[in-house]
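Q: File follows, protein.cif with mmCIF, C-alpha atoms:
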```
data_run
#
loop_
_atom_site.label_atom_id
_atom_site.label_comp_id
_atom_site.auth_asym_id
_atom_site.auth_seq_id
_atom_site.Cartn_x
_atom_site.Cartn_y
_atom_site.Cartn_z
CA MET A 1 29.83 -9.28 3.81
CA THR A 2 29.41 -12.58 1.98
CA ALA A 3 26.67 -13.70 4.38
CA ALA A 4 24.84 -10.41 3.84
CA LEU A 5 25.22 -10.75 0.08
CA ALA A 6 23.96 -14.32 0.19
CA PHE A 7 20.93 -13.18 2.18
CA ASP A 8 20.24 -10.37 -0.31
CA LEU A 9 20.46 -12.74 -3.27
CA LEU A 10 18.17 -15.24 -1.54
CA LEU A 11 15.66 -12.51 -0.68
CA VAL A 12 15.67 -11.13 -4.22
CA ALA A 13 15.15 -14.61 -5.63
CA ALA A 14 12.29 -15.21 -3.19
CA LEU A 15 10.70 -11.86 -4.12
CA VAL A 16 10.75 -12.57 -7.84
CA TRP A 17 9.64 -16.18 -7.37
CA SER A 18 6.70 -15.33 -5.09
CA ALA A 19 5.59 -12.55 -7.45
CA ALA A 20 5.69 -14.86 -10.47
CA ARG A 21 3.93 -17.69 -8.62
CA ALA A 22 1.24 -15.35 -7.26
CA LEU A 23 0.26 -14.62 -10.86
CA THR A 24 0.66 -18.09 -12.34
CA VAL A 25 -0.58 -20.51 -9.65
CA ALA A 26 -3.86 -22.12 -10.69
CA ASP A 27 -6.00 -21.26 -7.65
CA VAL A 28 -6.78 -17.56 -7.00
CA PHE A 29 -6.80 -18.12 -3.23
CA ARG A 30 -3.26 -19.50 -3.33
CA GLY A 31 -2.29 -16.60 -5.56
CA VAL A 32 -3.51 -14.14 -2.92
CA VAL A 33 -1.68 -16.01 -0.14
CA LEU A 34 1.50 -15.92 -2.22
CA PHE A 35 0.96 -12.20 -2.73
CA ILE A 36 0.76 -11.70 1.05
CA VAL A 37 4.04 -13.63 1.33
CA PHE A 38 5.41 -11.28 -1.32
CA GLY A 39 4.32 -8.28 0.75
CA LEU A 40 6.09 -9.59 3.85
CA LEU A 41 9.25 -10.27 1.81
CA MET A 42 9.02 -6.68 0.54
CA ALA A 43 8.99 -5.49 4.16
CA LEU A 44 12.22 -7.46 4.70
CA ALA A 45 13.70 -5.90 1.56
CA TRP A 46 12.91 -2.40 2.84
CA ALA A 47 14.60 -3.23 6.13
CA ARG A 48 17.68 -4.38 4.18
CA LEU A 49 17.63 -1.13 2.20
CA GLY A 50 17.82 0.87 5.43
CA ALA A 51 14.25 2.12 5.15
CA PRO A 52 12.52 1.12 8.40
CA ASP A 53 9.75 3.66 7.78
CA ILE A 54 8.72 1.91 4.59
CA ALA A 55 9.21 -1.52 6.19
CA LEU A 56 6.72 -0.58 8.93
CA ALA A 57 4.19 0.77 6.44
CA GLU A 58 4.63 -2.17 4.06
CA ALA A 59 4.16 -4.76 6.82
CA ALA A 60 0.98 -3.07 8.06
CA ILE A 61 -0.46 -1.93 4.73
CA GLY A 62 1.10 -4.01 1.97
CA ALA A 63 0.78 -7.34 3.71
CA GLY A 64 -1.91 -6.71 6.33
CA LEU A 65 -4.60 -4.46 4.91
CA THR A 66 -4.16 -5.39 1.25
CA GLY A 67 -4.21 -9.05 2.27
CA ALA A 68 -7.44 -8.59 4.21
CA LEU A 69 -9.07 -6.81 1.26
CA LEU A 70 -7.91 -9.43 -1.26
CA LEU A 71 -8.93 -12.39 0.90
CA ASP A 72 -12.35 -10.83 1.36
CA ALA A 73 -12.68 -10.46 -2.42
CA VAL A 74 -11.69 -14.12 -2.90
CA GLY A 75 -14.29 -15.13 -0.32
CA HIS A 76 -16.91 -13.13 -2.19
CA LEU A 77 -15.85 -14.72 -5.48
CA ARG A 78 -16.09 -18.22 -4.01
CA ALA A 79 -19.47 -17.51 -2.43
CA LYS A 80 -20.71 -16.51 -5.89
CA ARG A 81 -19.20 -19.60 -7.56
CA GLU A 82 -20.50 -22.15 -5.09
CA PRO A 83 -23.77 -20.83 -3.69
CA GLY A 84 -23.81 -22.30 -0.22
CA PRO A 85 -23.64 -25.94 0.85
CA MET B 1 27.50 -4.11 -6.70
CA SER B 2 25.79 -2.20 -3.89
CA VAL B 3 22.73 -3.44 -2.04
CA GLY B 4 20.63 -0.64 -3.56
CA LEU B 5 21.52 -1.61 -7.11
CA LEU B 6 20.76 -5.28 -6.45
CA TYR B 7 17.26 -4.44 -5.23
CA ALA B 8 16.76 -1.99 -8.10
CA LEU B 9 17.53 -4.81 -10.54
CA ALA B 10 15.04 -7.03 -8.70
CA GLY B 11 12.57 -4.15 -9.07
CA ALA B 12 13.11 -4.20 -12.84
CA ALA B 13 12.30 -7.92 -12.88
CA LEU B 14 9.15 -7.29 -10.82
CA VAL B 15 8.05 -4.51 -13.19
CA ALA B 16 8.37 -6.94 -16.10
CA ILE B 17 6.45 -9.68 -14.26
CA GLY B 18 3.71 -7.25 -13.25
CA LEU B 19 3.42 -5.78 -16.74
CA ALA B 20 3.19 -9.19 -18.41
CA GLY B 21 0.60 -10.29 -15.84
CA LEU B 22 -1.44 -7.13 -16.28
CA LEU B 23 -1.57 -7.65 -20.05
CA LEU B 24 -2.03 -11.42 -20.19
CA LEU B 25 -4.19 -12.49 -17.25
CA PRO B 26 -7.92 -12.19 -17.92
CA GLN B 27 -9.07 -12.55 -14.31
CA LEU B 28 -9.49 -9.14 -12.67
CA LEU B 29 -8.24 -10.22 -9.25
CA ARG B 30 -5.02 -11.38 -10.90
CA LYS B 31 -4.79 -8.12 -12.79
CA ILE B 32 -5.00 -6.27 -9.45
CA LEU B 33 -2.25 -8.51 -8.02
CA ALA B 34 -0.12 -7.85 -11.11
CA PHE B 35 -0.72 -4.10 -10.77
CA ASN B 36 0.49 -4.22 -7.17
CA ILE B 37 3.58 -6.22 -8.13
CA LEU B 38 4.31 -3.69 -10.87
CA GLY B 39 4.01 -0.90 -8.31
CA SER B 40 6.26 -2.68 -5.79
CA GLY B 41 8.87 -3.08 -8.53
CA ALA B 42 8.72 0.64 -9.27
CA PHE B 43 9.13 1.42 -5.56
CA LEU B 44 12.16 -0.86 -5.32
CA ILE B 45 13.72 0.86 -8.35
CA LEU B 46 13.09 4.31 -6.84
CA VAL B 47 14.67 3.58 -3.48
CA GLY B 48 17.30 1.15 -4.76
CA LEU B 49 18.62 3.51 -7.42
CA GLY B 50 18.60 6.42 -5.00
CA GLN B 51 20.88 4.43 -2.71
CA ARG B 52 23.08 2.77 -5.31
CA ASP B 53 26.20 4.42 -3.87
CA GLY B 54 25.48 2.82 -0.50
CA GLY B 55 24.18 5.84 1.43
CA ILE B 56 20.62 6.28 2.65
CA ASP B 57 18.44 8.73 0.75
CA PRO B 58 15.33 9.95 2.61
CA VAL B 59 13.71 11.64 -0.42
CA PRO B 60 12.78 8.51 -2.42
CA GLN B 61 11.94 6.78 0.84
CA ALA B 62 9.36 9.43 1.65
CA MET B 63 7.96 9.28 -1.88
CA VAL B 64 7.60 5.50 -1.69
CA LEU B 65 5.86 5.82 1.68
CA THR B 66 3.17 8.00 0.09
CA GLY B 67 3.15 5.67 -2.90
CA ILE B 68 2.32 2.63 -0.77
CA VAL B 69 -0.68 4.39 0.74
CA VAL B 70 -1.92 5.52 -2.68
CA ALA B 71 -1.42 1.96 -3.99
CA ILE B 72 -3.69 0.46 -1.35
CA ALA B 73 -6.32 3.14 -2.00
CA ALA B 74 -6.24 2.29 -5.71
CA THR B 75 -6.35 -1.44 -4.90
CA ALA B 76 -9.39 -1.04 -2.66
CA LEU B 77 -11.22 0.98 -5.32
CA ALA B 78 -10.30 -1.56 -8.01
CA LEU B 79 -11.53 -4.43 -5.81
CA ALA B 80 -14.82 -2.62 -5.17
CA LEU B 81 -15.26 -2.15 -8.93
CA ALA B 82 -14.37 -5.80 -9.64
CA ARG B 83 -16.86 -6.93 -7.02
CA GLN B 84 -19.53 -4.75 -8.59
CA LEU B 85 -18.78 -6.32 -11.97
CA LEU B 86 -19.02 -9.79 -10.40
CA ASP B 87 -22.41 -8.96 -8.90
CA LEU B 88 -23.75 -7.50 -12.14
CA SER B 89 -22.33 -9.94 -14.68
CA GLY B 90 -21.50 -13.01 -12.61
CA ARG B 91 -17.91 -12.93 -13.80
CA MET B 92 -14.75 -11.23 -12.66
CA ARG B 93 -13.22 -10.53 -16.04
CA LEU B 94 -13.58 -7.86 -18.67
CA PRO B 95 -16.11 -8.45 -21.46
CA GLU B 96 -13.55 -7.98 -24.23
CA ASP B 97 -11.41 -10.79 -22.85
CA GLY B 98 -13.56 -13.34 -24.62
CA PRO B 99 -16.36 -15.69 -23.64
CA ASP B 100 -14.14 -18.40 -22.09
CA ALA B 101 -15.65 -17.69 -18.69
CA GLY B 102 -15.88 -21.30 -17.63
CA ALA B 103 -12.22 -21.41 -16.62
CA ALA B 104 -11.48 -22.78 -13.18
CA ASP B 105 -9.83 -19.49 -12.33
CA ASP B 106 -12.90 -17.36 -12.88
CA MET C 1 -5.58 -14.61 -26.66
CA SER C 2 -3.44 -16.96 -28.67
CA ARG C 3 -0.30 -18.55 -27.30
CA ALA C 4 1.86 -16.74 -29.85
CA VAL C 5 0.68 -13.32 -28.61
CA ALA C 6 1.21 -14.41 -25.00
CA ALA C 7 4.74 -15.59 -25.77
CA LEU C 8 5.44 -12.29 -27.54
CA VAL C 9 4.22 -10.27 -24.53
CA VAL C 10 6.36 -12.33 -22.14
CA LEU C 11 9.35 -11.88 -24.44
CA LEU C 12 8.81 -8.11 -24.66
CA ALA C 13 8.45 -7.86 -20.87
CA ALA C 14 11.69 -9.78 -20.40
CA GLY C 15 13.33 -7.43 -22.89
CA LEU C 16 12.03 -4.46 -20.91
CA ALA C 17 13.51 -5.86 -17.70
CA ALA C 18 16.86 -6.43 -19.42
CA ALA C 19 16.88 -2.91 -20.89
CA LEU C 20 15.98 -1.39 -17.50
CA GLY C 21 18.72 -3.40 -15.80
CA LEU C 22 21.34 -2.41 -18.36
CA ALA C 23 20.32 1.24 -18.07
CA MET C 24 20.66 1.05 -14.28
CA LEU C 25 24.12 -0.47 -14.47
CA ASP C 26 25.16 2.30 -16.85
CA LEU C 27 23.87 5.29 -14.86
CA PRO C 28 26.25 8.20 -14.30
CA GLU C 29 26.89 9.62 -10.85
CA PRO C 30 23.94 11.73 -9.66
CA ALA C 31 24.46 15.44 -10.27
CA VAL C 32 22.61 16.51 -7.11
CA ARG C 33 23.23 14.88 -3.76
CA LEU C 34 19.78 14.92 -2.19
CA PRO C 35 20.73 13.28 1.15
CA ALA C 36 23.33 15.97 1.78
CA ARG C 37 20.84 18.74 1.00
CA VAL C 38 18.25 17.17 3.30
CA ALA C 39 20.84 16.86 6.06
CA ALA C 40 21.89 20.48 5.59
CA LYS C 41 18.33 21.77 6.05
CA LEU C 42 17.24 19.27 8.70
CA GLY C 43 17.81 21.80 11.48
CA ASP C 44 15.15 24.12 10.05
CA SER C 45 12.56 21.44 9.46
CA GLY C 46 11.30 21.11 13.04
CA VAL C 47 11.95 17.36 13.26
CA ASP C 48 15.08 15.21 13.60
CA HIS C 49 14.05 12.31 11.38
CA PRO C 50 14.92 12.94 7.72
CA VAL C 51 12.05 10.91 6.23
CA THR C 52 9.48 12.77 8.33
CA ALA C 53 11.15 16.06 7.40
CA VAL C 54 10.81 15.25 3.70
CA LEU C 55 7.23 14.02 4.07
CA LEU C 56 5.79 16.81 6.17
CA ASN C 57 8.08 19.74 5.37
CA PHE C 58 10.27 19.66 2.26
CA ARG C 59 7.75 17.86 0.09
CA ALA C 60 4.64 18.45 2.15
CA TYR C 61 2.51 19.19 -0.92
CA ASP C 62 3.03 15.58 -2.04
CA THR C 63 1.57 14.41 1.24
CA LEU C 64 -1.27 16.94 1.08
CA LEU C 65 -2.37 15.73 -2.34
CA GLU C 66 -1.89 12.11 -1.32
CA VAL C 67 -4.32 12.49 1.56
CA ALA C 68 -6.80 14.02 -0.88
CA VAL C 69 -6.35 11.01 -3.20
CA LEU C 70 -6.93 8.65 -0.27
CA LEU C 71 -10.17 10.44 0.59
CA LEU C 72 -11.32 10.34 -3.05
CA ALA C 73 -10.67 6.59 -3.21
CA LEU C 74 -12.81 6.08 -0.11
CA VAL C 75 -15.59 8.18 -1.64
CA GLY C 76 -15.43 5.89 -4.67
CA VAL C 77 -15.56 2.74 -2.54
CA LEU C 78 -18.47 4.14 -0.52
CA ALA C 79 -20.34 5.03 -3.70
CA LEU C 80 -20.04 1.38 -4.81
CA ALA C 81 -21.04 -0.12 -1.46
CA ARG C 82 -24.52 -1.53 -1.53
CA PRO C 83 -27.03 -1.00 1.27
CA HIS C 84 -27.28 -4.67 2.19
CA ALA C 85 -23.62 -4.60 3.12
CA ALA C 86 -24.66 -2.67 6.21
CA ARG C 87 -25.66 -5.74 8.16
CA ALA C 88 -24.28 -6.08 11.63
CA ALA C 89 -21.25 -8.35 11.64
CA ALA C 90 -21.76 -12.02 12.37
CA PRO C 91 -20.58 -12.85 15.88
CA ALA C 92 -17.15 -14.45 15.83
CA HIS C 93 -15.63 -16.99 18.18
CA PRO C 94 -15.59 -15.66 21.78
CA LEU C 95 -11.83 -16.23 21.98
CA LEU C 96 -11.26 -13.99 18.94
CA GLN C 97 -13.59 -11.38 20.39
CA THR C 98 -11.76 -11.35 23.70
CA LEU C 99 -8.40 -11.17 21.95
CA ALA C 100 -9.60 -8.29 19.76
CA ARG C 101 -10.89 -6.42 22.80
CA LEU C 102 -7.52 -6.87 24.50
CA VAL C 103 -5.35 -6.03 21.51
CA ALA C 104 -7.27 -3.10 20.00
CA PRO C 105 -6.51 -0.63 22.83
CA LEU C 106 -2.85 -1.67 22.68
CA MET C 107 -2.84 -0.96 18.95
CA VAL C 108 -4.25 2.51 19.59
CA LEU C 109 -1.42 3.00 22.10
CA VAL C 110 1.15 1.84 19.54
CA ALA C 111 -0.35 4.25 17.00
CA GLY C 112 0.05 7.11 19.45
CA TYR C 113 3.63 6.08 20.13
CA LEU C 114 4.47 5.86 16.42
CA LEU C 115 2.94 9.30 15.85
CA TRP C 116 5.02 10.85 18.63
CA ILE C 117 8.28 9.08 17.84
CA GLY C 118 8.02 10.02 14.14
CA ALA C 119 9.74 13.33 14.87
CA HIS C 120 12.95 11.57 15.93
CA ALA C 121 12.94 8.03 14.62
CA PRO C 122 11.18 5.80 12.08
CA GLY C 123 7.46 6.27 12.51
CA GLY C 124 4.93 8.96 11.78
CA ALA C 125 1.41 9.56 10.58
CA PHE C 126 1.31 6.85 7.90
CA GLN C 127 2.51 4.03 10.08
CA ALA C 128 0.36 5.17 12.99
CA GLY C 129 -2.66 5.43 10.71
CA ALA C 130 -1.97 1.97 9.31
CA VAL C 131 -1.89 0.49 12.83
CA LEU C 132 -5.15 2.26 13.70
CA ALA C 133 -6.72 0.87 10.53
CA ALA C 134 -5.45 -2.61 11.36
CA ALA C 135 -7.18 -2.31 14.75
CA GLY C 136 -10.40 -1.41 12.93
CA VAL C 137 -10.07 -4.40 10.60
CA LEU C 138 -9.39 -6.71 13.56
CA LEU C 139 -12.48 -5.47 15.40
CA ARG C 140 -14.49 -5.96 12.21
CA LEU C 141 -13.22 -9.52 11.79
CA ALA C 142 -14.16 -10.23 15.41
CA GLY C 143 -17.66 -8.99 14.67
CA LEU C 144 -17.42 -6.03 17.05
CA LEU C 145 -17.81 -3.31 14.41
CA PRO C 146 -20.61 -2.98 11.87
CA ALA C 147 -19.85 -2.34 8.20
CA TRP C 148 -20.19 1.19 6.96
CA ALA C 149 -22.89 1.90 4.50
CA GLN C 150 -23.45 5.56 5.17
CA PRO C 151 -20.95 7.12 7.55
CA GLY C 152 -22.55 9.57 9.95
CA LEU C 153 -21.61 13.20 10.33
CA LEU C 154 -19.04 12.55 13.07
CA LEU C 155 -17.30 9.86 11.03
CA ARG C 156 -17.24 12.07 7.95
CA GLY C 157 -15.72 14.83 10.05
CA GLY C 158 -13.01 12.44 11.24
CA LEU C 159 -12.31 11.34 7.67
CA ALA C 160 -11.88 14.91 6.46
CA LEU C 161 -10.10 16.21 9.57
CA GLY C 162 -6.55 15.44 8.42
CA LEU C 163 -6.99 17.11 5.06
CA LEU C 164 -8.77 20.10 6.63
CA VAL C 165 -6.05 20.63 9.26
CA PHE C 166 -3.39 20.29 6.55
CA VAL C 167 -5.11 22.83 4.27
CA ALA C 168 -5.75 25.18 7.21
CA VAL C 169 -2.06 25.15 8.14
CA ALA C 170 -1.09 25.61 4.49
CA VAL C 171 -3.36 28.65 4.22
CA ALA C 172 -2.18 30.04 7.55
CA VAL C 173 1.50 29.97 6.56
CA LEU C 174 0.83 31.17 3.01
CA GLY C 175 1.80 34.66 4.14
CA GLN C 176 5.37 33.39 4.56
CA GLY C 177 5.79 33.41 0.82
CA SER C 178 5.54 29.93 -0.65
CA LEU C 179 3.19 27.03 -0.12
CA LEU C 180 3.68 25.05 3.08
CA GLN C 181 6.88 26.79 4.08
CA TYR C 182 6.63 26.77 7.86
CA PRO C 183 8.46 29.32 10.00
CA PRO C 184 11.35 27.27 11.45
CA ALA C 185 10.52 28.14 15.05
CA ALA C 186 6.96 26.83 14.79
CA ALA C 187 7.67 24.00 12.37
CA GLY C 188 7.86 21.21 14.95
CA GLY C 189 4.50 22.06 16.51
CA LEU C 190 2.79 22.53 13.17
CA ILE C 191 4.10 19.20 11.89
CA LEU C 192 2.88 17.41 15.02
CA LEU C 193 -0.53 19.08 14.65
CA ILE C 194 -0.81 18.03 11.01
CA GLU C 195 0.41 14.53 11.79
CA ALA C 196 -2.11 14.08 14.60
CA GLY C 197 -4.94 15.00 12.25
CA LEU C 198 -3.49 12.85 9.49
CA THR C 199 -3.12 9.81 11.78
CA LEU C 200 -6.81 9.89 12.68
CA SER C 201 -7.95 10.48 9.11
CA ILE C 202 -5.60 7.97 7.50
CA GLY C 203 -6.55 5.37 10.09
CA LEU C 204 -10.27 5.95 9.53
CA THR C 205 -9.91 6.07 5.75
CA LEU C 206 -7.84 2.89 5.48
CA ALA C 207 -10.19 1.10 7.86
CA GLY C 208 -13.10 2.46 5.83
CA LEU C 209 -11.69 1.00 2.62
CA TYR C 210 -12.15 -2.38 4.29
CA LEU C 211 -15.29 -1.69 6.31
CA ALA C 212 -17.22 -0.10 3.45
CA GLY C 213 -16.38 -2.59 0.75
CA THR C 214 -16.64 -5.88 2.58
CA GLU C 215 -19.57 -7.86 3.79
CA VAL C 216 -19.69 -10.77 6.15
CA GLU C 217 -20.89 -14.17 5.02
CA PRO C 218 -24.45 -14.66 6.25
#
```
So, in terms of structure tokens, how does the structure I just supplied come out?

A:
Amino acid sequence: MTAALAFDLLLVAALVWSAARALTVADVFRGVVLFIVFGLLMALAWARLGAPDIALAEAAIGAGLTGALLLDAVGHLRAKREPGP
Amino acid sequence: MSVGLLYALAGAALVAIGLAGLLLLPQLLRKILAFNILGSGAFLILVGLGQRDGGIDPVPQAMVLTGIVVAIAATALALALARQLLDLSGRMRLPEDGPDAGAADD
Amino acid sequence: MSRAVAALVVLLAAGLAAALGLAMLDLPEPAVRLPARVAAKLGDSGVDHPVTAVLLNFRAYDTLLEVAVLLLALVGVLALARPHAARAAAPAHPLLQTLARLVAPLMVLVAGYLLWIGAHAPGGAFQAGAVLAAAGVLLRLAGLLPAWAQPGLLLRGGLALGLLVFVAVAVAVLGQGSLLQYPPAAAGGLILLIEAGLTLSIGLTLAGLYLAGTEVEP
């Protein structure tokens, strides 16, 4: 029980921290990477809440597809900022 | 305190973080991130509160499952719009957020 | 925006979180026990997994509208995609290409498994569709799929298939009385039919959100 509670508290702290850092870190690319980390932590949280359906969807969609879309947008943004070497 | 309630409380914190980010950050990509964090917080509250007595409740779980898919659809549309704005104006921020476009974040 | 306004917004957001938390701690016992009601009706739903029963039977109209929203979002993304995004993908590293060729069929297999198992265990159309879409994104990253600028007729048919099957079933069972109330004997088959259509359409739509909007660096 105490180990499970400790894990929950740690996971909750990591969730809130990664969310806050994703928004406040100076570089957008690092923000997106932190957001992907946040998505994976959310998948863990769903597993802890006894919701494996959502955990599956979150891991594939929340972390995977959203991450791919966001990283692509960052790449586009950077290509616009620094037009080619 | 049950596991559900703990995660619902974390969801409340995430809603606050997402809301503050949505209002304060001028960069559109950050706004989209904040919007997603706000949504994740709402999902956690839905499922967490539904299971605050310890049992498993399939109804909010199913609603959140649809919610996640709608969230990525909205995110993709928002990103396409932001990209269009970037191509047209050279910046990824809204015009009313001031002319300080030279920020490193932009 | 001045620092004072920013500090005020942060303070208000923190206050909102505190108020939400206090309200949650103070909630009364729920008046209606939804899990018990779902469990009581699970036998009539045609599937054994409660989440799938809620998604495709008890609250099927939610899912119906959600698929429509997904399709609308893709229409929006396609409307914003510019023609020059339709270039063929740049060839990726041969190792990545080989890996993608090996993994993509396995992902299709996993999607089929998730679709089938959804009736009894965690899984179903959304997860299966997400895995299909991930396979599409992987193939795109490996340079094996071109971006979509203007999906052809076949692709459009695949995108709309899930919604069309869903609406067709809804119309067909309308004679039963209320919207999307399946006859219990046929419920399992109808749900599998809808889910098969949904898996294909959700997979294509989610992949399309990536394939239509993105372009490869020249």

Q: Set the cut-off to 12 Å and count all atoms listed in the file: what are the residues of chain A that reach chain C? Output as a JSON list (two decimals) with C-alpha atoms, in the frame of the given file.

A:
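Here's the written file part.json:
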```json
[["chain", "number", "residue", "atom", "x", "y", "z"],
["A", 20, "ALA", "CA", 5.69, -14.86, -10.47],
["A", 47, "ALA", "CA", 14.60, -3.23, 6.13],
["A", 50, "GLY", "CA", 17.82, 0.87, 5.43],
["A", 51, "ALA", "CA", 14.25, 2.12, 5.15],
["A", 52, "PRO", "CA", 12.52, 1.12, 8.40],
["A", 53, "ASP", "CA", 9.75, 3.66, 7.78],
["A", 54, "ILE", "CA", 8.72, 1.91, 4.59],
["A", 55, "ALA", "CA", 9.21, -1.52, 6.19],
["A", 56, "LEU", "CA", 6.72, -0.58, 8.93],
["A", 57, "ALA", "CA", 4.19, 0.77, 6.44],
["A", 58, "GLU", "CA", 4.63, -2.17, 4.06],
["A", 59, "ALA", "CA", 4.16, -4.76, 6.82],
["A", 60, "ALA", "CA", 0.98, -3.07, 8.06],
["A", 61, "ILE", "CA", -0.46, -1.93, 4.73],
["A", 62, "GLY", "CA", 1.10, -4.01, 1.97],
["A", 63, "ALA", "CA", 0.78, -7.34, 3.71],
["A", 64, "GLY", "CA", -1.91, -6.71, 6.33],
["A", 65, "LEU", "CA", -4.60, -4.46, 4.91],
["A", 66, "THR", "CA", -4.16, -5.39, 1.25],
["A", 67, "GLY", "CA", -4.21, -9.05, 2.27],
["A", 68, "ALA", "CA", -7.44, -8.59, 4.21],
["A", 69, "LEU", "CA", -9.07, -6.81, 1.26],
["A", 70, "LEU", "CA", -7.91, -9.43, -1.26],
["A", 71, "LEU", "CA", -8.93, -12.39, 0.90],
["A", 72, "ASP", "CA", -12.35, -10.83, 1.36],
["A", 73, "ALA", "CA", -12.68, -10.46, -2.42],
["A", 74, "VAL", "CA", -11.69, -14.12, -2.90],
["A", 75, "GLY", "CA", -14.29, -15.13, -0.32],
["A", 76, "HIS", "CA", -16.91, -13.13, -2.19],
["A", 77, "LEU", "CA", -15.85, -14.72, -5.48],
["A", 78, "ARG", "CA", -16.09, -18.22, -4.01],
["A", 79, "ALA", "CA", -19.47, -17.51, -2.43],
["A", 80, "LYS", "CA", -20.71, -16.51, -5.89],
["A", 83, "PRO", "CA", -23.77, -20.83, -3.69],
["A", 84, "GLY", "CA", -23.81, -22.30, -0.22]]
```

Q: What is the CA of Ala19 (chain A) to CA of Gly55 (chain B) distance in Å?

A: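 Answer for the CA of Ala19 (chain A) to CA of Gly55 (chain B) separation: 27.6 Å.
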
Q: Under the rule that all atoms listed in the file are counted, which of A:Ile36, A:Ala4, A:Leu23, A:Leu11 is the nearest residue to chain B?

A: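 Distance minimum relative to chain B lands on A:Leu23.
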
Q: Which residues fall under the PyMOL selection byres ((chain C) within 8 of (chain B)) in this file, as a ChimeraX atom specification?

A: /C:1,6,9-10,13-14,16-18,20-21,24-25,34-35,38,50-52,54-55,62-63,66,69-70,73-74,76-77,80-81,126,206,209-210,213

Q: Considering all atoms listed in the file, state which residue in the set B:Leu46, B:Arg30, B:Pro95, B:Leu22 is at the smallest distance from chain A.

A: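 Selected residue with least distance to chain A: B:Arg30.
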
Q: CA of Asp44 (chain C) and CA of Gly177 (chain C), how far apart in Å?

A: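 Taking CA of Gly177 (chain C) as the start and CA of Asp44 (chain C) as the end point, the length is 16.1 Å.
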
Q: From the list B:Leu29, B:Leu88, B:Leu94, B:Ala42, which residue is nearest chain A when using all atoms listed in the file?

A: B:Leu29

Q: Between CA of Val47 (chain C) and CA of Ala119 (chain C), what is the spacing in Å?

A: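 Result for CA of Ala119 (chain C) versus CA of Val47 (chain C): 4.9 Å, one decimal.
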
Q: Please identify all polymer residues within 9 Å of Phe38 (chain A), counting all atoms listed in the file, omitting same-chain residues fewer than 5 positions from it, and present them as a list in words.

A: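 Residues meeting the cut-off are Ala14, Leu15, Val16, Trp17, Ser18, Ala19, Ala22, Val33, Ala43 and Ala63 of chain A; Ile37 of chain B.
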
Q: Could you rebuild region 15-24 of chain B with N, CA, C and O atoms and give me the result as a PDB file, in the frame of the given file?

A:
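Dumped to selection.pdb:
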```
ATOM      1  N   VAL B  15       8.820  -5.333 -12.247  1.00  0.00           N
ATOM      2  CA  VAL B  15       8.050  -4.510 -13.190  1.00  0.00           C
ATOM      3  C   VAL B  15       7.685  -5.336 -14.416  1.00  0.00           C
ATOM      4  O   VAL B  15       6.533  -5.312 -14.873  1.00  0.00           O
ATOM      5  N   ALA B  16       8.648  -6.124 -14.922  1.00  0.00           N
ATOM      6  CA  ALA B  16       8.370  -6.940 -16.100  1.00  0.00           C
ATOM      7  C   ALA B  16       7.307  -7.998 -15.797  1.00  0.00           C
ATOM      8  O   ALA B  16       6.371  -8.199 -16.587  1.00  0.00           O
ATOM      9  N   ILE B  17       7.431  -8.655 -14.636  1.00  0.00           N
ATOM     10  CA  ILE B  17       6.450  -9.680 -14.260  1.00  0.00           C
ATOM     11  C   ILE B  17       5.063  -9.062 -14.135  1.00  0.00           C
ATOM     12  O   ILE B  17       4.062  -9.581 -14.665  1.00  0.00           O
ATOM     13  N   GLY B  18       5.003  -7.903 -13.448  1.00  0.00           N
ATOM     14  CA  GLY B  18       3.710  -7.250 -13.250  1.00  0.00           C
ATOM     15  C   GLY B  18       3.098  -6.811 -14.567  1.00  0.00           C
ATOM     16  O   GLY B  18       1.894  -6.976 -14.790  1.00  0.00           O
ATOM     17  N   LEU B  19       3.926  -6.270 -15.452  1.00  0.00           N
ATOM     18  CA  LEU B  19       3.420  -5.780 -16.740  1.00  0.00           C
ATOM     19  C   LEU B  19       2.871  -6.938 -17.571  1.00  0.00           C
ATOM     20  O   LEU B  19       1.769  -6.852 -18.128  1.00  0.00           O
ATOM     21  N   ALA B  20       3.651  -8.032 -17.641  1.00  0.00           N
ATOM     22  CA  ALA B  20       3.190  -9.190 -18.410  1.00  0.00           C
ATOM     23  C   ALA B  20       1.890  -9.724 -17.829  1.00  0.00           C
ATOM     24  O   ALA B  20       0.944 -10.046 -18.565  1.00  0.00           O
ATOM     25  N   GLY B  21       1.814  -9.792 -16.471  1.00  0.00           N
ATOM     26  CA  GLY B  21       0.600 -10.290 -15.840  1.00  0.00           C
ATOM     27  C   GLY B  21      -0.592  -9.400 -16.120  1.00  0.00           C
ATOM     28  O   GLY B  21      -1.683  -9.875 -16.416  1.00  0.00           O
ATOM     29  N   LEU B  22      -0.365  -8.087 -16.041  1.00  0.00           N
ATOM     30  CA  LEU B  22      -1.440  -7.130 -16.280  1.00  0.00           C
ATOM     31  C   LEU B  22      -2.002  -7.284 -17.692  1.00  0.00           C
ATOM     32  O   LEU B  22      -3.208  -7.189 -17.916  1.00  0.00           O
ATOM     33  N   LEU B  23      -1.120  -7.550 -18.658  1.00  0.00           N
ATOM     34  CA  LEU B  23      -1.570  -7.650 -20.050  1.00  0.00           C
ATOM     35  C   LEU B  23      -2.192  -9.008 -20.344  1.00  0.00           C
ATOM     36  O   LEU B  23      -3.144  -9.104 -21.109  1.00  0.00           O
ATOM     37  N   LEU B  24      -1.658 -10.076 -19.736  1.00  0.00           N
ATOM     38  CA  LEU B  24      -2.030 -11.420 -20.190  1.00  0.00           C
ATOM     39  C   LEU B  24      -3.143 -12.074 -19.382  1.00  0.00           C
ATOM     40  O   LEU B  24      -3.879 -12.891 -19.917  1.00  0.00           O
TER      41      LEU B  24
END
```
